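Asker: entry02.cif is reproduced below (mmCIF, C-alpha atoms and all ligand atoms).
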data_protein
#
loop_
_atom_site.label_atom_id
_atom_site.label_comp_id
_atom_site.auth_asym_id
_atom_site.auth_seq_id
_atom_site.Cartn_x
_atom_site.Cartn_y
_atom_site.Cartn_z
CA MET A 1152 6.78 -39.70 3.12
CA THR A 1153 7.14 -36.75 0.75
CA ASP A 1154 8.53 -33.77 2.61
CA LEU A 1155 5.99 -31.03 2.00
CA PHE A 1156 8.79 -28.49 2.43
CA SER A 1157 10.77 -29.73 -0.58
CA LYS A 1158 8.97 -27.19 -2.78
CA PHE A 1159 10.80 -24.44 -0.86
CA ASP A 1160 14.28 -25.83 -1.64
CA PRO A 1161 15.06 -23.39 -4.49
CA LEU A 1162 14.17 -20.43 -2.26
CA ILE A 1163 16.16 -21.85 0.67
CA GLN A 1164 19.15 -22.27 -1.67
CA GLN A 1165 18.82 -18.74 -3.05
CA ARG A 1166 18.72 -17.35 0.49
CA GLU A 1167 21.74 -19.40 1.56
CA ASP A 1168 23.69 -18.27 -1.52
CA LEU A 1169 22.91 -14.66 -0.73
CA LEU A 1170 23.94 -14.95 2.93
CA ALA A 1171 27.11 -16.80 1.88
CA THR A 1172 28.29 -13.59 0.20
CA GLY A 1173 28.53 -12.17 3.74
CA VAL A 1174 25.62 -9.77 3.40
CA THR A 1175 23.22 -9.24 6.35
CA ASP A 1176 19.78 -10.78 5.87
CA PRO A 1177 17.76 -7.87 4.45
CA PHE A 1178 14.48 -9.47 5.54
CA SER A 1179 15.10 -9.75 9.27
CA LEU A 1180 15.81 -6.20 10.38
CA VAL A 1181 14.75 -5.45 13.96
CA MET A 1182 13.86 -1.91 15.01
CA GLU A 1183 15.11 -1.84 18.58
CA LYS A 1184 13.53 1.52 19.37
CA VAL A 1185 11.35 3.84 17.31
CA ILE A 1186 12.01 7.47 18.12
CA SER A 1187 9.72 9.23 15.64
CA PRO A 1188 8.01 8.52 12.28
CA THR A 1189 11.38 9.12 10.58
CA VAL A 1190 14.02 7.84 13.03
CA ALA A 1191 14.61 4.48 14.76
CA ILE A 1192 17.47 2.60 16.40
CA CYS A 1193 18.51 -0.37 14.24
CA ASN A 1194 21.56 -2.51 15.06
CA GLY A 1195 22.32 -0.07 17.88
CA ARG A 1196 22.58 2.98 15.62
CA GLU A 1197 20.30 5.90 14.86
CA THR A 1198 18.76 5.29 11.45
CA ILE A 1199 16.66 7.47 9.16
CA LEU A 1200 13.56 5.56 8.10
CA LEU A 1201 12.89 5.70 4.37
CA GLY A 1202 10.92 2.52 3.94
CA THR A 1203 7.91 2.55 6.25
CA TYR A 1204 4.79 3.67 4.24
CA ASN A 1205 4.19 6.07 7.13
CA TYR A 1206 3.48 8.70 4.48
CA MET A 1207 1.75 11.26 6.68
CA GLY A 1208 3.74 10.54 9.84
CA MET A 1209 0.62 9.87 11.93
CA THR A 1210 2.13 7.10 14.11
CA PHE A 1211 3.37 9.61 16.69
CA ASP A 1212 0.64 12.24 16.34
CA GLU A 1213 -0.23 13.24 19.90
CA ASP A 1214 -4.02 13.33 19.34
CA VAL A 1215 -3.88 9.89 17.72
CA ILE A 1216 -1.91 8.44 20.62
CA ALA A 1217 -4.18 10.07 23.21
CA ALA A 1218 -7.28 8.62 21.50
CA GLY A 1219 -5.72 5.14 21.53
CA LYS A 1220 -4.78 5.35 25.22
CA ASP A 1221 -8.24 6.61 26.16
CA ALA A 1222 -9.95 3.75 24.27
CA LEU A 1223 -7.59 1.22 25.86
CA ASP A 1224 -8.59 2.51 29.31
CA LYS A 1225 -12.31 2.68 28.60
CA PHE A 1226 -12.91 -0.36 26.37
CA GLY A 1227 -10.03 -2.75 27.16
CA ALA A 1228 -7.37 -4.42 25.07
CA GLY A 1229 -9.52 -6.25 22.51
CA THR A 1230 -13.05 -7.15 21.43
CA THR A 1231 -12.54 -10.93 21.37
CA GLY A 1232 -15.17 -11.21 18.68
CA SER A 1233 -16.39 -10.82 15.13
CA ARG A 1234 -17.97 -7.62 13.86
CA VAL A 1235 -21.32 -9.43 13.43
CA LEU A 1236 -21.46 -10.76 17.00
CA ASN A 1237 -19.71 -9.10 19.94
CA GLY A 1238 -17.01 -7.26 17.97
CA THR A 1239 -18.71 -4.02 16.95
CA TYR A 1240 -18.06 -1.32 19.55
CA GLN A 1241 -18.88 2.36 19.41
CA GLY A 1242 -15.34 2.97 18.12
CA HIS A 1243 -15.85 0.78 15.03
CA LYS A 1244 -18.95 2.77 14.09
CA GLU A 1245 -17.09 6.06 14.71
CA CYS A 1246 -14.28 4.88 12.51
CA GLU A 1247 -16.76 4.04 9.72
CA GLU A 1248 -18.37 7.49 10.17
CA ALA A 1249 -14.93 9.10 9.81
CA LEU A 1250 -14.31 7.15 6.59
CA LYS A 1251 -17.71 8.11 5.14
CA GLU A 1252 -16.92 11.75 5.83
CA PHE A 1253 -13.37 11.48 4.53
CA TYR A 1254 -14.53 10.05 1.17
CA ALA A 1255 -17.97 11.75 1.13
CA MET A 1256 -19.52 8.32 0.48
CA ASP A 1257 -22.64 6.60 1.85
CA HIS A 1258 -21.14 3.37 3.20
CA ALA A 1259 -17.96 2.26 4.92
CA MET A 1260 -16.96 -1.16 6.20
CA VAL A 1261 -13.88 -1.61 8.41
CA PHE A 1262 -11.89 -4.87 8.13
CA SER A 1263 -9.05 -6.11 10.33
CA THR A 1264 -6.47 -5.45 7.57
CA GLY A 1265 -6.34 -4.08 4.04
CA TYR A 1266 -5.37 -7.56 2.91
CA GLN A 1267 -8.65 -8.89 4.28
CA ALA A 1268 -10.61 -6.02 2.72
CA ASN A 1269 -9.39 -7.04 -0.76
CA LEU A 1270 -9.80 -10.72 0.02
CA GLY A 1271 -13.36 -10.18 1.26
CA ILE A 1272 -14.75 -7.65 -1.18
CA ILE A 1273 -13.35 -9.20 -4.38
CA SER A 1274 -14.21 -12.80 -3.49
CA THR A 1275 -17.72 -11.87 -2.33
CA ILE A 1276 -18.95 -9.53 -5.05
CA ALA A 1277 -17.48 -11.38 -8.05
CA GLY A 1278 -19.04 -14.84 -8.09
CA LYS A 1279 -19.46 -17.80 -10.44
CA GLY A 1280 -19.98 -16.68 -14.04
CA ASP A 1281 -18.62 -13.17 -13.30
CA TYR A 1282 -15.25 -11.79 -14.40
CA VAL A 1283 -12.51 -9.96 -12.51
CA ILE A 1284 -10.31 -7.95 -14.85
CA LEU A 1285 -7.11 -6.86 -13.14
CA ASP A 1286 -3.76 -5.20 -13.84
CA ILE A 1287 -1.06 -7.88 -14.02
CA ASP A 1288 1.05 -6.01 -11.42
CA SER A 1289 -1.73 -6.08 -8.81
CA HIS A 1290 -0.94 -6.54 -5.12
CA ALA A 1291 -0.96 -10.07 -3.67
CA SER A 1292 -4.12 -9.33 -1.69
CA ILE A 1293 -5.98 -8.65 -4.96
CA TYR A 1294 -4.73 -11.89 -6.49
CA ASP A 1295 -5.62 -13.76 -3.30
CA GLY A 1296 -9.12 -12.22 -3.34
CA CYS A 1297 -9.49 -13.59 -6.88
CA ALA A 1298 -8.16 -17.01 -5.86
CA MET A 1299 -10.63 -17.20 -2.98
CA GLY A 1300 -13.62 -16.39 -5.19
CA ASN A 1301 -15.24 -18.24 -8.08
CA ALA A 1302 -15.08 -15.63 -10.82
CA GLU A 1303 -13.03 -15.95 -14.02
CA ILE A 1304 -9.78 -13.94 -13.82
CA VAL A 1305 -8.52 -11.86 -16.74
CA ALA A 1306 -5.21 -9.99 -16.38
CA PHE A 1307 -4.03 -7.18 -18.65
CA ARG A 1308 -0.67 -5.45 -19.20
CA HIS A 1309 0.32 -2.99 -16.48
CA ASN A 1310 -1.33 0.44 -16.85
CA ASP A 1311 -2.26 -0.31 -20.49
CA VAL A 1312 -5.67 1.23 -21.27
CA GLU A 1313 -5.90 -0.40 -24.71
CA ALA A 1314 -5.14 -3.84 -23.30
CA LEU A 1315 -7.86 -3.37 -20.68
CA GLU A 1316 -10.35 -2.29 -23.34
CA LYS A 1317 -9.48 -5.26 -25.57
CA ARG A 1318 -9.97 -7.74 -22.73
CA LEU A 1319 -13.30 -6.15 -21.76
CA LYS A 1320 -14.62 -6.27 -25.31
CA ARG A 1321 -13.91 -10.01 -25.55
CA LEU A 1322 -16.12 -10.82 -22.53
CA PRO A 1323 -19.83 -11.65 -22.79
CA ALA A 1324 -21.78 -8.38 -22.81
CA ASP A 1325 -24.25 -9.47 -20.14
CA ALA A 1326 -21.73 -11.07 -17.71
CA GLY A 1327 -20.97 -9.39 -14.36
CA LYS A 1328 -17.58 -7.65 -14.56
CA LEU A 1329 -15.36 -6.11 -11.89
CA VAL A 1330 -12.31 -4.11 -12.98
CA VAL A 1331 -9.73 -3.93 -10.16
CA LEU A 1332 -7.06 -1.23 -10.27
CA GLU A 1333 -4.65 0.46 -7.87
CA GLY A 1334 -4.15 4.22 -7.61
CA VAL A 1335 -0.41 3.96 -6.96
CA TYR A 1336 1.49 0.73 -7.71
CA SER A 1337 3.77 0.25 -4.76
CA MET A 1338 6.78 -1.36 -6.39
CA LEU A 1339 7.71 1.44 -8.80
CA GLY A 1340 5.53 4.16 -7.24
CA ASP A 1341 3.79 4.83 -10.56
CA VAL A 1342 0.23 6.10 -10.85
CA ALA A 1343 -2.54 4.46 -12.92
CA PRO A 1344 -4.31 6.33 -15.75
CA LEU A 1345 -7.56 5.89 -13.87
CA LYS A 1346 -9.54 8.43 -15.85
CA GLU A 1347 -9.17 6.52 -19.12
CA MET A 1348 -9.38 3.11 -17.47
CA ILE A 1349 -12.59 3.93 -15.65
CA ARG A 1350 -14.08 5.36 -18.86
CA VAL A 1351 -13.43 2.15 -20.84
CA SER A 1352 -14.63 0.02 -17.91
CA LYS A 1353 -17.93 1.88 -17.71
CA GLU A 1354 -18.38 1.87 -21.50
CA ASN A 1355 -18.11 -1.91 -21.33
CA GLY A 1356 -20.52 -2.40 -18.45
CA ALA A 1357 -18.00 -3.13 -15.66
CA MET A 1358 -18.05 -2.08 -12.02
CA VAL A 1359 -14.78 -0.57 -10.79
CA LEU A 1360 -12.82 -1.17 -7.58
CA ILE A 1361 -9.76 1.01 -6.84
CA ASP A 1362 -7.22 0.07 -4.18
CA GLU A 1363 -5.90 3.40 -2.91
CA ALA A 1364 -3.59 1.88 -0.25
CA HIS A 1365 -0.57 4.00 -1.26
CA SER A 1366 -2.40 7.19 -2.18
CA MET A 1367 -4.95 7.75 0.60
CA GLY A 1368 -4.04 10.70 2.80
CA PHE A 1369 -1.50 12.11 0.35
CA ILE A 1370 -2.75 12.25 -3.26
CA GLY A 1371 -5.77 14.38 -4.24
CA GLU A 1372 -6.97 17.69 -2.85
CA HIS A 1373 -8.56 16.04 0.20
CA GLY A 1374 -6.18 13.07 0.25
CA ARG A 1375 -8.83 10.72 -1.15
CA GLY A 1376 -6.39 9.26 -3.64
CA VAL A 1377 -5.61 9.09 -7.35
CA ALA A 1378 -9.28 8.82 -8.37
CA GLU A 1379 -9.89 12.15 -6.64
CA ALA A 1380 -6.78 13.72 -8.22
CA GLN A 1381 -7.96 12.63 -11.69
CA GLY A 1382 -11.54 13.83 -11.04
CA VAL A 1383 -13.19 10.40 -11.36
CA LEU A 1384 -13.98 9.39 -7.78
CA ASP A 1385 -17.73 9.64 -8.45
CA ASP A 1386 -17.41 6.91 -11.10
CA VAL A 1387 -15.68 4.45 -8.76
CA ASP A 1388 -17.95 1.77 -7.28
CA PHE A 1389 -15.65 0.61 -4.46
CA VAL A 1390 -12.56 2.15 -2.87
CA ILE A 1391 -10.36 -0.20 -0.84
CA GLY A 1392 -7.81 1.15 1.58
CA THR A 1393 -5.67 0.40 4.57
CA PHE A 1394 -4.90 1.98 7.93
CA SER A 1395 -1.35 0.59 7.78
CA LYS A 1396 0.09 3.38 5.64
CA SER A 1397 -0.97 7.06 5.82
CA VAL A 1398 -3.41 6.41 8.69
CA GLY A 1399 -0.51 5.08 10.76
CA THR A 1400 -2.00 2.04 12.50
CA VAL A 1401 -3.49 -1.25 11.25
CA GLY A 1402 -6.79 -2.15 9.58
CA GLY A 1403 -8.52 -2.03 6.23
CA PHE A 1404 -11.72 -0.70 4.71
CA CYS A 1405 -14.04 -0.46 1.75
CA VAL A 1406 -16.18 2.62 1.01
CA SER A 1407 -18.95 2.76 -1.57
CA ASN A 1408 -22.18 4.47 -2.63
CA HIS A 1409 -23.78 1.21 -3.74
CA PRO A 1410 -27.33 1.14 -2.27
CA LYS A 1411 -27.10 -2.57 -1.34
CA PHE A 1412 -23.58 -2.32 0.15
CA GLU A 1413 -24.60 -3.11 3.75
CA ILE A 1414 -25.57 -6.71 2.85
CA LEU A 1415 -21.83 -7.44 2.60
CA ARG A 1416 -21.66 -7.41 6.40
CA LEU A 1417 -23.55 -10.71 6.39
CA VAL A 1418 -21.94 -12.50 3.45
CA CYS A 1419 -18.31 -11.39 3.35
CA ARG A 1420 -16.35 -14.17 5.04
CA PRO A 1421 -13.10 -12.26 5.85
CA TYR A 1422 -15.34 -9.74 7.66
CA VAL A 1423 -17.58 -12.25 9.44
CA PHE A 1424 -15.16 -15.01 10.43
CA THR A 1425 -12.40 -13.07 12.16
CA ALA A 1426 -12.04 -10.89 15.25
CA SER A 1427 -12.58 -7.15 14.88
CA LEU A 1428 -9.87 -4.58 15.47
CA PRO A 1429 -9.08 -3.65 19.10
CA PRO A 1430 -10.83 -0.50 20.40
CA SER A 1431 -7.51 1.37 20.72
CA VAL A 1432 -6.76 0.72 17.04
CA VAL A 1433 -10.10 1.97 15.71
CA ALA A 1434 -9.84 5.02 17.97
CA THR A 1435 -6.39 5.87 16.62
CA ALA A 1436 -7.60 5.24 13.05
CA ALA A 1437 -10.70 7.46 13.41
CA THR A 1438 -8.67 10.30 14.93
CA SER A 1439 -5.99 10.01 12.28
CA ILE A 1440 -8.52 9.94 9.39
CA ARG A 1441 -10.23 13.07 10.73
CA LYS A 1442 -6.87 14.87 10.98
CA LEU A 1443 -5.91 13.77 7.46
CA MET A 1444 -8.94 15.67 6.16
CA HIS A 1445 -7.05 18.84 7.10
CA GLY A 1446 -3.61 17.67 6.03
CA SER A 1447 -3.06 19.90 2.98
CA ASN A 1448 0.13 21.51 4.38
CA LYS A 1449 1.61 18.10 5.09
CA ARG A 1450 0.59 16.89 1.63
CA ALA A 1451 2.39 19.87 0.04
CA HIS A 1452 5.54 19.20 2.10
CA LEU A 1453 5.49 15.50 1.17
CA TRP A 1454 5.32 16.43 -2.54
CA GLU A 1455 8.36 18.68 -2.02
CA ASN A 1456 10.24 15.82 -0.37
CA SER A 1457 9.31 13.45 -3.19
CA LYS A 1458 10.46 15.89 -5.89
CA THR A 1459 13.74 16.70 -4.09
CA LEU A 1460 14.64 13.06 -3.51
CA HIS A 1461 13.72 12.01 -7.06
CA LYS A 1462 15.79 14.78 -8.65
CA GLY A 1463 18.70 14.28 -6.25
CA LEU A 1464 18.93 10.53 -6.86
CA ARG A 1465 18.65 10.97 -10.62
CA ASP A 1466 21.36 13.67 -10.59
CA LEU A 1467 23.62 11.28 -8.65
CA GLY A 1468 23.27 8.76 -11.48
CA PHE A 1469 20.85 6.22 -10.01
CA THR A 1470 18.30 4.56 -12.30
CA LEU A 1471 14.79 5.21 -11.03
CA GLY A 1472 11.47 3.42 -11.54
CA THR A 1473 9.67 6.50 -12.91
CA ASP A 1474 10.87 9.45 -15.02
CA GLU A 1475 9.08 11.90 -12.76
CA PRO A 1476 8.06 11.62 -9.10
CA GLN A 1477 4.46 10.36 -9.14
CA SER A 1478 3.87 9.44 -5.49
CA ALA A 1479 5.68 9.16 -2.15
CA ILE A 1480 7.45 6.01 -3.37
CA ILE A 1481 10.70 6.32 -5.30
CA ALA A 1482 12.17 3.06 -6.55
CA VAL A 1483 15.89 2.77 -7.27
CA ILE A 1484 16.58 -0.04 -9.74
CA MET A 1485 19.50 -2.32 -8.84
CA PRO A 1486 21.43 -4.44 -11.38
CA ASP A 1487 20.74 -7.74 -9.55
CA LEU A 1488 19.77 -9.21 -6.17
CA GLU A 1489 23.37 -9.55 -4.90
CA ARG A 1490 24.30 -5.94 -5.60
CA GLY A 1491 20.86 -4.80 -4.41
CA ALA A 1492 21.42 -6.55 -1.07
CA THR A 1493 24.97 -5.14 -0.81
CA MET A 1494 23.72 -1.63 -1.48
CA TRP A 1495 20.87 -2.13 1.01
CA GLU A 1496 23.41 -3.14 3.66
CA ALA A 1497 25.74 -0.24 2.79
CA LEU A 1498 22.84 2.17 3.26
CA LEU A 1499 21.97 0.59 6.60
CA GLU A 1500 25.59 1.02 7.70
CA GLU A 1501 25.25 4.68 6.70
CA GLY A 1502 22.17 4.87 8.97
CA LEU A 1503 19.46 4.75 6.29
CA TYR A 1504 16.73 2.15 6.05
CA VAL A 1505 15.03 1.45 2.70
CA ASN A 1506 13.11 -1.62 1.44
CA LEU A 1507 14.83 -4.24 -0.65
CA ALA A 1508 12.25 -5.70 -3.04
CA ARG A 1509 12.84 -8.60 -5.37
CA PRO A 1510 10.88 -11.00 -7.61
CA PRO A 1511 8.18 -12.28 -7.44
CA ALA A 1512 6.95 -9.12 -5.65
CA THR A 1513 8.55 -6.86 -8.28
CA PRO A 1514 7.60 -6.46 -11.96
CA ALA A 1515 9.93 -7.64 -14.78
CA ASN A 1516 12.23 -9.55 -12.38
CA MET A 1517 13.66 -6.30 -11.02
CA THR A 1518 15.56 -5.87 -7.77
CA LEU A 1519 14.57 -2.55 -6.24
CA LEU A 1520 15.55 -0.35 -3.33
CA ARG A 1521 12.24 1.26 -2.56
CA CYS A 1522 12.20 4.57 -0.76
CA SER A 1523 8.95 5.75 0.81
CA LEU A 1524 8.94 9.32 2.01
CA CYS A 1525 7.14 10.78 4.99
CA ALA A 1526 5.58 14.22 5.45
CA GLU A 1527 7.64 14.40 8.68
CA HIS A 1528 10.99 14.10 6.87
CA SER A 1529 12.60 17.52 7.19
CA GLY A 1530 14.40 19.19 4.29
CA ASP A 1531 17.69 18.52 6.17
CA GLN A 1532 16.86 14.83 6.45
CA VAL A 1533 16.24 14.60 2.70
CA THR A 1534 19.63 16.28 2.08
CA GLU A 1535 21.24 13.79 4.46
CA ILE A 1536 19.45 10.86 2.75
CA LEU A 1537 20.97 11.92 -0.58
CA ALA A 1538 24.46 12.20 0.96
CA ARG A 1539 24.12 8.69 2.38
CA PHE A 1540 22.94 7.32 -0.99
CA GLU A 1541 25.93 8.96 -2.66
CA ARG A 1542 28.49 7.52 -0.20
CA ALA A 1543 26.96 4.02 -0.25
CA GLY A 1544 26.49 4.06 -4.04
CA ARG A 1545 30.14 4.94 -4.65
CA ARG A 1546 31.38 2.41 -2.11
CA VAL A 1547 29.37 -0.43 -3.68
CA GLY A 1548 30.04 0.77 -7.24
CA ILE A 1549 26.41 1.35 -8.23
CA ILE A 1550 27.29 4.92 -9.27
CA GLY A 1551 30.63 6.17 -10.57
C1 LIG A 1601 -1.94 -2.14 -2.82
C2 LIG A 1601 -2.11 -2.77 -1.47
N1 LIG A 1601 -3.30 -3.22 -1.10
C3 LIG A 1601 -3.50 -3.78 0.10
C4 LIG A 1601 -2.48 -3.91 1.02
C5 LIG A 1601 -2.72 -4.60 2.33
O1 LIG A 1601 -2.78 -3.71 3.37
P1 LIG A 1601 -2.62 -4.18 4.90
O2 LIG A 1601 -1.23 -3.92 5.30
O3 LIG A 1601 -3.60 -3.32 5.64
O4 LIG A 1601 -3.01 -5.61 4.97
C6 LIG A 1601 -1.22 -3.43 0.70
C7 LIG A 1601 -0.12 -3.54 1.68
O5 LIG A 1601 1.02 -3.58 1.42
C8 LIG A 1601 -1.02 -2.85 -0.59
O6 LIG A 1601 0.19 -2.41 -0.95
#
Can you present the structure in this file as structure tokens?
Answerer:
Amino acid sequence: MTDLFSKFDPLIQQREDLLATGVTDPFSLVMEKVISPTVAICNGRETILLGTYNYMGMTFDEDVIAAGKDALDKFGAGTTGSRVLNGTYQGHKECEEALKEFYAMDHAMVFSTGYQANLGIISTIAGKGDYVILDIDSHASIYDGCAMGNAEIVAFRHNDVEALEKRLKRLPADAGKLVVLEGVYSMLGDVAPLKEMIRVSKENGAMVLIDEAHSMGFIGEHGRGVAEAQGVLDDVDFVIGTFSKSVGTVGGFCVSNHPKFEILRLVCRPYVFTASLPPSVVATAATSIRKLMHGSNKRAHLWENSKTLHKGLRDLGFTLGTDEPQSAIIAVIMPDLERGATMWEALLEEGLYVNLARPPATPANMTLLRCSLCAEHSGDQVTEILARFERAGRRVGIIG
């Protein structure tokens, strides 16, 4: 018998080698208690959270929590069914109404996760004989959506408008084409040049899907994302998003103005063949989305936090993923996995939690300590975060 697990041996070895250096496993952290969007108890100590994607701090919003409790009382713990059978409750429709209003678009479809939204929309709308043209650094859910469908896949160099245009021009003029981009790329926190990319996509007859997972709620005047900030939202055919970041709960969605959009409810397998979100979740999501429409003060504070942290880390001598702060994600580049894991652990000992990211999730084989800021981080917390980075960085020898 061939052991089907033998393919994992190199990864098992890499993990064992890392743990043999005495470092704590960076991928098994347990949050024993969560006190607020920015503070939790980890390993028995109070820890500032700087790696949660809770950009707008909605997880503890009192209206959001009240809406969830009310729905739990009135509608029960779960729907036990698919959206197309017994799984569409009033709350799912209200959540879709909130999304339509938030984006000022005609149609909204709520999925059980953002992962499933990408899986479902990409695999369903791009079929045999069509092309999906995607940035090479796209999220796994975009790649998996491509793998599940039957379209031809064409990747282009990250954020390279010319490379996108070249690829598009090589494709048959009359073939169906879907260009898939992200507003913010979550590993380095860099923003896509959507304006130019959407222009060349349209000039070459492609439809455009933008995943705004890391920009919704924060970027753009109304928090609609990078397409809004660059003034091109009207040219986007499909926006994909998630409730697991700024919205502060779990779930995914697609919004669109396409006149035939509603047919997807019958043909999109990751929508049809899975249970819908629990009533408490859609109630929290709808309440959060409506509050995010009026979140401009929080958005301004989050930009301040992002600028302060970026400048502070750069001044301390850390190498960062972007020259300027472009989003709520600031990536600190580590020399290798071992020192990245040691620095991650040193920060945790200081009472600061960040994400350790490594290949294959990261571009160019980089090891990163990814910081994601929250609108609820106070100015004092950001100062404290920098002090902890400085102490840990000197101790580990990442900075001089
Ligand atoms: C760009 C992007 N798209 C989609 C997703 C999936 O979202 P969810 O957590 O709702 O499955 C993520 C999550 O990390 C993401 O970063």
Asker: Which residues, written as a tab-separated table (two decimals) with C-alpha atoms, in the frame of the given file, have at least one atom at most 6 Å from A:Val1283, with only C-alpha atoms counted and residues fewer than 6 positions away on the same chain left out?
Answerer:
chain	number	residue	atom	x	y	z
A	1304	ILE	CA	-9.78	-13.94	-13.82
A	1328	LYS	CA	-17.58	-7.65	-14.56
A	1329	LEU	CA	-15.36	-6.11	-11.89
A	1330	VAL	CA	-12.31	-4.11	-12.98
Asker: Give the answer as one residue: which of A:Ile1163, A:Ala1434, A:Val1406, A:Cys1193 has the shortest atom-to-atom distance to A:Leu1223, using only C-alpha atoms?
Answerer: A:Ala1434
Asker: Show me which residues sit within 8 Å of ligand LIG 1601 (chain A) when counting only C-alpha atoms and all ligand atoms, and put them as a list in words.
Answerer: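 Final answer, ordered by chain and number: Ser1263, Thr1264, Gly1265, Tyr1266, Gln1267, Ala1268, Asn1269, Ser1289, His1290, Ala1291, Ser1292, Ile1293, Glu1333, Val1335, Tyr1336, Ser1337, Asp1362, Glu1363, Ala1364, His1365, Ile1391, Gly1392, Thr1393, Phe1394, Ser1395, Lys1396, Val1401, Gly1402 and Gly1403 of chain A.
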Asker: Counting only C-alpha atoms, which of A:Asp1154, A:Glu1413, A:Asp1176, A:Glu1248 gets nearest to A:Ile1440?
Answerer: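 Going through A:Asp1154, A:Glu1413, A:Asp1176, A:Glu1248 one by one, the smallest distance to A:Ile1440 is for A:Glu1248.
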Asker: May I have the residues within 10 Å of A:Pro1514 as a list in words, using only C-alpha atoms and disregarding those fewer than 5 positions away in the same chain?
Answerer: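 Contacts, in chain order: Ile1287, Asp1288, Ser1289, His1309, Met1338, Leu1339, Arg1509 and Leu1519 of chain A.
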Asker: If you count all atoms listed in the file, which residues fall within 10 Å of A:Val1390, apart from same-chain ones fewer than 3 positions away, as a list in words?
Answerer: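 Close residues of A:Val1390: Tyr1254, Met1256, Ala1259, Asn1269, Val1331, Leu1332, Glu1333, Gly1334, Val1359, Leu1360, Ile1361, Asp1362, Glu1363, Ala1364, Arg1375, Gly1376, Ala1378, Leu1384, Val1387, Phe1404, Cys1405, Val1406, Ser1407 and Asn1408 of chain A.
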Asker: Rebuild stretch 1386-1397 of chain A so that it carries N, CA, C and O atoms, then output the result as a compact mmCIF listing (two decimals), in the coordinates of the input.
Answerer:
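Dumped everything to result_31.txt:
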# COMPACT_ATOMS: atom_id res chain seq x y z
N ASP A 1386 -17.15 8.05 -10.21
CA ASP A 1386 -17.41 6.91 -11.10
C ASP A 1386 -16.88 5.60 -10.53
O ASP A 1386 -17.00 4.55 -11.17
N VAL A 1387 -16.25 5.66 -9.36
CA VAL A 1387 -15.68 4.45 -8.76
C VAL A 1387 -16.76 3.78 -7.90
O VAL A 1387 -17.42 4.45 -7.11
N ASP A 1388 -16.92 2.48 -8.06
CA ASP A 1388 -17.95 1.77 -7.28
C ASP A 1388 -17.47 1.40 -5.88
O ASP A 1388 -18.26 1.43 -4.93
N PHE A 1389 -16.20 1.02 -5.77
CA PHE A 1389 -15.65 0.61 -4.46
C PHE A 1389 -14.23 1.14 -4.32
O PHE A 1389 -13.42 0.95 -5.23
N VAL A 1390 -13.95 1.78 -3.19
CA VAL A 1390 -12.56 2.15 -2.87
C VAL A 1390 -12.11 1.26 -1.72
O VAL A 1390 -12.81 1.15 -0.69
N ILE A 1391 -10.96 0.61 -1.92
CA ILE A 1391 -10.36 -0.20 -0.84
C ILE A 1391 -9.18 0.59 -0.29
O ILE A 1391 -8.47 1.27 -1.03
N GLY A 1392 -8.97 0.48 1.00
CA GLY A 1392 -7.81 1.15 1.58
C GLY A 1392 -7.34 0.45 2.83
O GLY A 1392 -7.89 -0.57 3.26
N THR A 1393 -6.29 1.00 3.39
CA THR A 1393 -5.67 0.40 4.57
C THR A 1393 -5.39 1.47 5.61
O THR A 1393 -5.22 2.64 5.26
N PHE A 1394 -5.35 1.06 6.88
CA PHE A 1394 -4.90 1.98 7.93
C PHE A 1394 -3.40 1.83 8.17
O PHE A 1394 -2.83 2.50 9.02
N SER A 1395 -2.75 0.90 7.45
CA SER A 1395 -1.35 0.59 7.78
C SER A 1395 -0.35 1.48 7.06
O SER A 1395 0.85 1.27 7.16
N LYS A 1396 -0.85 2.50 6.32
CA LYS A 1396 0.09 3.38 5.64
C LYS A 1396 -0.14 4.82 6.14
O LYS A 1396 0.25 5.11 7.26
N SER A 1397 -0.81 5.67 5.37
CA SER A 1397 -0.97 7.06 5.82
C SER A 1397 -1.70 7.19 7.16
O SER A 1397 -1.46 8.14 7.90
